[in-house]
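Engineer: Please find final_38.txt (compact mmCIF, C-alpha atoms) on the next line:
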```
# COMPACT_ATOMS: atom_id res chain seq x y z
CA MET A 1 85.98 256.53 157.32
CA SER A 2 86.58 257.52 153.74
CA ARG A 3 87.66 254.75 151.38
CA ALA A 4 90.51 257.05 150.30
CA PHE A 5 92.38 256.15 153.49
CA ILE A 6 92.12 252.38 153.08
CA LYS A 7 94.86 250.63 151.20
CA GLU A 8 93.25 247.98 149.05
CA ASP A 9 95.88 247.10 146.51
CA GLY A 10 99.57 246.48 146.66
CA PRO A 11 101.49 243.78 148.47
CA GLU A 12 101.92 243.60 152.21
CA PRO A 13 105.44 244.34 153.38
CA GLU A 14 107.72 241.35 152.90
CA GLU A 15 107.64 239.21 156.05
CA ASN A 16 111.34 238.42 156.24
CA PRO A 17 113.88 241.04 155.23
CA PRO A 18 116.91 239.77 153.32
CA GLU A 19 119.83 238.66 155.45
CA ARG A 20 122.80 240.99 155.71
CA PRO A 21 125.73 239.55 153.75
CA VAL A 22 128.62 238.37 155.89
CA SER A 23 132.09 238.96 154.49
CA GLU A 24 134.08 235.85 153.68
CA ARG A 25 137.32 237.61 154.67
CA PRO A 26 138.84 237.09 158.11
CA ASN A 27 136.97 239.24 160.62
CA TYR A 28 139.88 241.20 162.08
CA VAL A 29 138.79 243.68 164.75
CA THR A 30 140.47 246.28 166.89
CA GLN A 31 139.54 246.57 170.55
CA ARG A 32 137.35 249.53 169.56
CA GLY A 33 135.72 247.46 166.81
CA GLN A 34 134.98 244.62 169.20
CA ARG A 35 133.40 247.06 171.68
CA MET A 36 131.30 248.52 168.87
CA LEU A 37 129.95 245.06 168.00
CA GLN A 38 129.23 244.33 171.66
CA ASP A 39 127.44 247.68 172.03
CA GLU A 40 125.42 246.98 168.89
CA GLU A 41 124.37 243.60 170.26
CA SER A 42 123.20 245.27 173.50
CA ARG A 43 121.35 247.99 171.57
CA LEU A 44 119.57 245.42 169.40
CA LEU A 45 118.57 243.30 172.40
CA ALA A 46 117.13 246.37 174.12
CA ALA A 47 115.25 247.39 170.99
CA LEU A 48 113.84 243.87 170.60
CA GLY A 49 112.61 244.04 174.20
CA GLU A 50 110.11 246.65 173.02
CA PHE A 51 108.57 244.12 170.63
CA ALA A 52 107.60 241.45 173.18
CA GLY A 53 104.43 239.50 172.45
CA THR A 54 102.46 239.08 169.27
CA GLN A 55 102.66 241.84 166.72
CA ASN A 56 99.41 242.53 164.89
CA ASP A 57 100.74 245.57 163.07
CA PRO A 58 102.60 244.50 159.88
CA THR A 59 104.98 247.45 160.13
CA ARG A 60 105.97 246.58 163.70
CA ARG A 61 106.25 242.91 162.75
CA ARG A 62 108.61 243.83 159.92
CA ARG A 63 110.68 246.09 162.20
CA LYS A 64 111.02 243.27 164.72
CA ARG A 65 112.25 240.92 161.99
CA GLU A 66 114.75 243.53 160.83
CA LEU A 67 116.09 243.83 164.37
CA GLU A 68 116.30 240.02 164.65
CA ARG A 69 118.17 239.87 161.34
CA ASP A 70 120.62 242.56 162.48
CA LEU A 71 121.14 240.70 165.76
CA ARG A 72 121.95 237.48 163.87
CA TYR A 73 124.49 239.39 161.76
CA THR A 74 126.07 241.07 164.80
CA ARG A 75 126.36 237.78 166.68
CA VAL A 76 128.04 236.07 163.72
CA ARG A 77 130.51 238.96 163.54
CA LEU A 78 131.19 238.69 167.28
CA GLU A 79 131.65 234.90 167.08
CA THR A 80 134.09 235.19 164.16
CA ALA A 81 135.97 238.24 165.45
CA ILE A 82 139.75 237.94 165.46
CA LEU A 83 141.02 240.52 167.93
CA VAL A 84 144.29 242.04 166.75
CA ASP A 85 146.41 243.44 169.55
CA ALA A 86 147.77 246.74 168.26
CA ARG A 87 150.58 246.53 170.83
CA ALA A 88 151.92 243.47 169.00
CA GLN A 89 152.10 245.22 165.62
CA PRO A 90 155.49 246.44 164.36
CA LYS A 91 155.64 250.07 165.46
CA ASP A 92 157.64 251.14 162.43
CA GLN A 93 155.16 249.79 159.82
CA ALA A 94 151.59 250.54 158.82
CA ARG A 95 149.54 247.46 159.66
CA PHE A 96 146.05 246.61 160.82
CA GLY A 97 144.98 248.88 163.68
CA ALA A 98 147.37 251.69 162.77
CA ALA A 99 146.37 255.34 162.78
CA VAL A 100 148.49 256.85 160.03
CA THR A 101 149.06 260.35 158.78
CA LEU A 102 149.92 260.89 155.15
CA ARG A 103 151.13 264.19 153.73
CA ALA A 104 150.56 265.07 150.10
CA ASP A 105 153.19 266.58 147.86
CA ASN A 106 151.25 269.87 148.24
CA GLY A 107 151.50 269.68 152.07
CA ARG A 108 147.91 268.60 152.71
CA PRO A 109 147.67 266.01 155.54
CA PHE A 110 145.30 263.05 155.46
CA LYS A 111 144.64 260.96 158.59
CA LEU A 112 143.19 257.48 158.53
CA ARG A 113 142.91 254.38 160.63
CA ILE A 114 143.13 250.87 159.21
CA VAL A 115 140.30 248.98 160.90
CA GLY A 116 137.94 246.03 160.55
CA GLU A 117 135.18 245.97 157.98
CA ASP A 118 132.37 246.60 160.49
CA GLU A 119 134.27 249.32 162.32
CA ALA A 120 134.82 251.19 159.05
CA GLU A 121 131.04 251.59 158.80
CA GLY A 122 131.06 253.52 162.08
CA ARG A 123 131.95 257.14 162.66
CA ASP A 124 135.03 258.82 164.01
CA ASP A 125 135.11 262.60 163.74
CA ASN A 126 138.91 262.82 163.83
CA TRP A 127 139.96 260.02 161.51
CA ASN A 128 138.94 258.49 158.20
CA LEU A 129 138.15 254.83 158.89
CA LEU A 130 139.48 252.51 156.23
CA PRO A 131 138.64 248.79 156.17
CA TRP A 132 141.76 246.64 155.95
CA PRO A 133 140.79 244.96 152.62
CA ALA A 134 140.37 248.34 150.84
CA PRO A 135 142.87 248.96 148.04
CA LEU A 136 144.38 251.98 149.81
CA ALA A 137 144.81 250.00 153.04
CA GLU A 138 146.49 247.21 151.10
CA ALA A 139 148.81 249.76 149.47
CA LEU A 140 149.74 251.15 152.90
CA MET A 141 150.40 247.79 154.57
CA GLY A 142 154.07 247.45 155.42
CA LEU A 143 155.00 251.05 154.61
CA LYS A 144 157.36 252.79 156.99
CA ILE A 145 157.62 256.47 157.89
CA GLY A 146 159.14 258.29 154.93
CA ASN A 147 157.80 255.82 152.35
CA SER A 148 155.52 257.23 149.65
CA ILE A 149 152.71 256.03 147.39
CA ASP A 150 150.99 257.63 144.44
CA TRP A 151 147.23 257.72 145.05
CA ASP A 152 144.14 259.66 144.03
CA LEU A 153 142.02 260.55 147.07
CA GLY A 154 139.43 262.31 144.96
CA ASP A 155 141.24 265.50 143.97
CA GLY A 156 143.64 264.03 141.44
CA PRO A 157 146.65 261.76 141.75
CA ARG A 158 149.22 262.87 144.28
CA ARG A 159 152.30 261.50 145.95
CA TRP A 160 151.52 260.76 149.61
CA THR A 161 154.28 260.29 152.17
CA LEU A 162 153.71 258.38 155.39
CA VAL A 163 154.67 260.81 158.17
CA ALA A 164 153.26 259.18 161.32
CA ILE A 165 152.14 255.80 162.64
CA ASP A 166 150.31 255.40 165.96
CA TYR A 167 148.96 252.20 167.49
CA ASN A 168 147.85 253.80 170.77
CA MET A 169 144.55 255.06 169.32
CA MET A 170 142.67 251.79 169.75
```
Have the structure of the file written as structure tokens, please.
Structural biologist:
Amino acid sequence: MSRAFIKEDGPEPEENPPERPVSERPNYVTQRGQRMLQDEESRLLAALGEFAGTQNDPTRRRRKRELERDLRYTRVRLETAILVDARAQPKDQARFGAAVTLRADNGRPFKLRIVGEDEAEGRDDNWNLLPWPAPLAEALMGLKIGNSIDWDLGDGPRRWTLVAIDYNMM
């Protein structure tokens, strides 16, 4: 084998990847968010099952440690989850778990759901997922249909009016 294909210098991959930071805020979750965490735990356990036994390959060893780290994070998030029952939220106010529709002064609609921090990292093709501690979510909390806020969603400041609130999406 040619010496050109042998790595002689440079550090080995770090043995233990850094831990994922856990938010210090309350871990509010919707039913969907709780299911997502449970599904992630199952996915990680299945993926770890492929790494049984001793790992001689440093890349596989690192991947196993990354999966173990992600499993620790997911389990902490499951243990600290505070399930918020959307049915108990005031139907006439934007609160945690609400799917809201805003309409700009130019008529453009914007749909979002106020969700937990981990759920906001997921995907939903129909709604923008907004973590509850985000400034926009905080500005929306307590608003009723017909109330307005001034906000810049990336295309300049606009007046946005709350036109719909739905808690049946979760």
Engineer: Could you check how far CA of Asp118 (chain A) sits from CA of Gln34 (chain A), in Å to one decimal?
Structural biologist: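 Computing it gives 9.3 Å between the two atoms.
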Engineer: Under the rule that all atoms listed in the file are counted, which of A:Glu19, A:Asp105, A:Asp125, A:Glu79 is the nearest residue to Glu41 (chain A)?
Structural biologist: A:Glu79
Engineer: Hey, which of A:Ala47, A:Ala94, A:Leu162, A:Val29 ends up closest to Ala81 (chain A)? Count all atoms listed in the file.
Structural biologist: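 Answer, going by the shortest atom-to-atom distance: A:Val29.
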Engineer: From the options A:Pro17, A:Gly116, A:Gly156, A:Pro131, which residue's atoms come nearest to Arg63 (chain A), counting all atoms listed in the file?
Structural biologist: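 Closest residue, counting all atoms listed in the file: A:Pro17.
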Engineer: Have a look at A:Thr80, A:Ser42, A:Gln55, A:Gln93 and name the one nearest to Ile165 (chain A); count all atoms listed in the file.
Structural biologist: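 Residue with the minimum atom-to-atom distance to Ile165 (chain A): A:Gln93.
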Engineer: Of the residues A:Glu138, A:Glu40, A:Asp152, A:Glu24, which is the one nearest to Arg72 (chain A), using all atoms listed in the file?
Structural biologist: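 Comparing A:Glu138, A:Glu40, A:Asp152, A:Glu24 against Arg72 (chain A), the winner is A:Glu40.
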Engineer: What lies within 10 Å of Asp124 (chain A) using all atoms listed in the file, ignoring chain neighbours under 5 positions off, as a PDB file with C-alpha atoms, keeping the file's coordinate frame?
Structural biologist:
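Listed below is the output, result.pdb:
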```
ATOM      1  CA  LEU A 112     143.190 257.480 158.530  1.00  0.00           C
ATOM      2  CA  ARG A 113     142.910 254.380 160.630  1.00  0.00           C
ATOM      3  CA  GLU A 119     134.270 249.320 162.320  1.00  0.00           C
ATOM      4  CA  LEU A 129     138.150 254.830 158.890  1.00  0.00           C
TER       5      LEU A 129
END
```
Engineer: Edge lengths and centre in Å to one decimal, as JSON, of the axis-aligned box that encloses all listed atoms of region 39-44 of chain A with 8 Å added on every side?
Structural biologist:
```
{"center_x": 123.5, "center_y": 245.8, "center_z": 171.2, "size_x": 23.9, "size_y": 20.4, "size_z": 20.6}
```
Engineer: Need to verify the contact set: Ala46 (chain A), 12 Å, all atoms listed in the file, exclusion of same-chain residues closer than 4 positions in sequence. Can you return it as a PyMOL selection string?
Structural biologist: chain A and resi 39-42+50-52+64+67-68+71
Engineer: Fewer than 2 positions away in the same chain doesn't count, so skip those; otherwise give me all residues within 10 Å of Glu117 (chain A), counting all atoms listed in the file, as a ChimeraX atom specification.
Structural biologist: /A:23,25-29,33,114-115,119-122,129-134
Engineer: If we count all atoms listed in the file, what is near Leu143 (chain A) at a cut-off of 12 Å, once residues fewer than 2 positions away on the same chain are taken out, given as a PDB file with C-alpha atoms, in the coordinates of the input?
Structural biologist:
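Written output follows (selection_25.pdb):
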```pdb
ATOM      1  CA  PRO A  90     155.490 246.440 164.360  1.00  0.00           C
ATOM      2  CA  LYS A  91     155.640 250.070 165.460  1.00  0.00           C
ATOM      3  CA  ASP A  92     157.640 251.140 162.430  1.00  0.00           C
ATOM      4  CA  GLN A  93     155.160 249.790 159.820  1.00  0.00           C
ATOM      5  CA  ALA A  94     151.590 250.540 158.820  1.00  0.00           C
ATOM      6  CA  ARG A  95     149.540 247.460 159.660  1.00  0.00           C
ATOM      7  CA  PHE A  96     146.050 246.610 160.820  1.00  0.00           C
ATOM      8  CA  ALA A  98     147.370 251.690 162.770  1.00  0.00           C
ATOM      9  CA  VAL A 100     148.490 256.850 160.030  1.00  0.00           C
ATOM     10  CA  THR A 101     149.060 260.350 158.780  1.00  0.00           C
ATOM     11  CA  LEU A 102     149.920 260.890 155.150  1.00  0.00           C
ATOM     12  CA  LEU A 136     144.380 251.980 149.810  1.00  0.00           C
ATOM     13  CA  ALA A 137     144.810 250.000 153.040  1.00  0.00           C
ATOM     14  CA  GLU A 138     146.490 247.210 151.100  1.00  0.00           C
ATOM     15  CA  ALA A 139     148.810 249.760 149.470  1.00  0.00           C
ATOM     16  CA  LEU A 140     149.740 251.150 152.900  1.00  0.00           C
ATOM     17  CA  MET A 141     150.400 247.790 154.570  1.00  0.00           C
ATOM     18  CA  ILE A 145     157.620 256.470 157.890  1.00  0.00           C
ATOM     19  CA  GLY A 146     159.140 258.290 154.930  1.00  0.00           C
ATOM     20  CA  ASN A 147     157.800 255.820 152.350  1.00  0.00           C
ATOM     21  CA  SER A 148     155.520 257.230 149.650  1.00  0.00           C
ATOM     22  CA  ILE A 149     152.710 256.030 147.390  1.00  0.00           C
ATOM     23  CA  TRP A 160     151.520 260.760 149.610  1.00  0.00           C
ATOM     24  CA  THR A 161     154.280 260.290 152.170  1.00  0.00           C
ATOM     25  CA  LEU A 162     153.710 258.380 155.390  1.00  0.00           C
ATOM     26  CA  VAL A 163     154.670 260.810 158.170  1.00  0.00           C
ATOM     27  CA  ALA A 164     153.260 259.180 161.320  1.00  0.00           C
ATOM     28  CA  ILE A 165     152.140 255.800 162.640  1.00  0.00           C
TER      29      ILE A 165
END
```
Engineer: Pick from A:Ile82, A:Met36, A:Lys111, A:Val22: nearest to Arg123 (chain A), with all atoms listed in the file counted?
Structural biologist: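 Smallest distance to Arg123 (chain A) is found for A:Met36.
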Engineer: Rounded to one decimal, what separation in Å do you get between CA of Pro21 (chain A) and CA of Gly49 (chain A)?
Structural biologist: 24.7 Å
Engineer: How far is it from CA of Asn168 (chain A) to CA of Val84 (chain A), in Å with one decimal?
Structural biologist: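 We find that CA of Asn168 (chain A) and CA of Val84 (chain A) lie 12.9 Å from each other.
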Engineer: When you look at Tyr167 (chain A) with a cut-off of 7 Å (counting all atoms listed in the file), what residues show up, excluding the ones that are within fewer than 5 positions of it in the same chain? I need them as a VMD selection string.
Structural biologist: chain A and resid 86 to 87 97 to 99
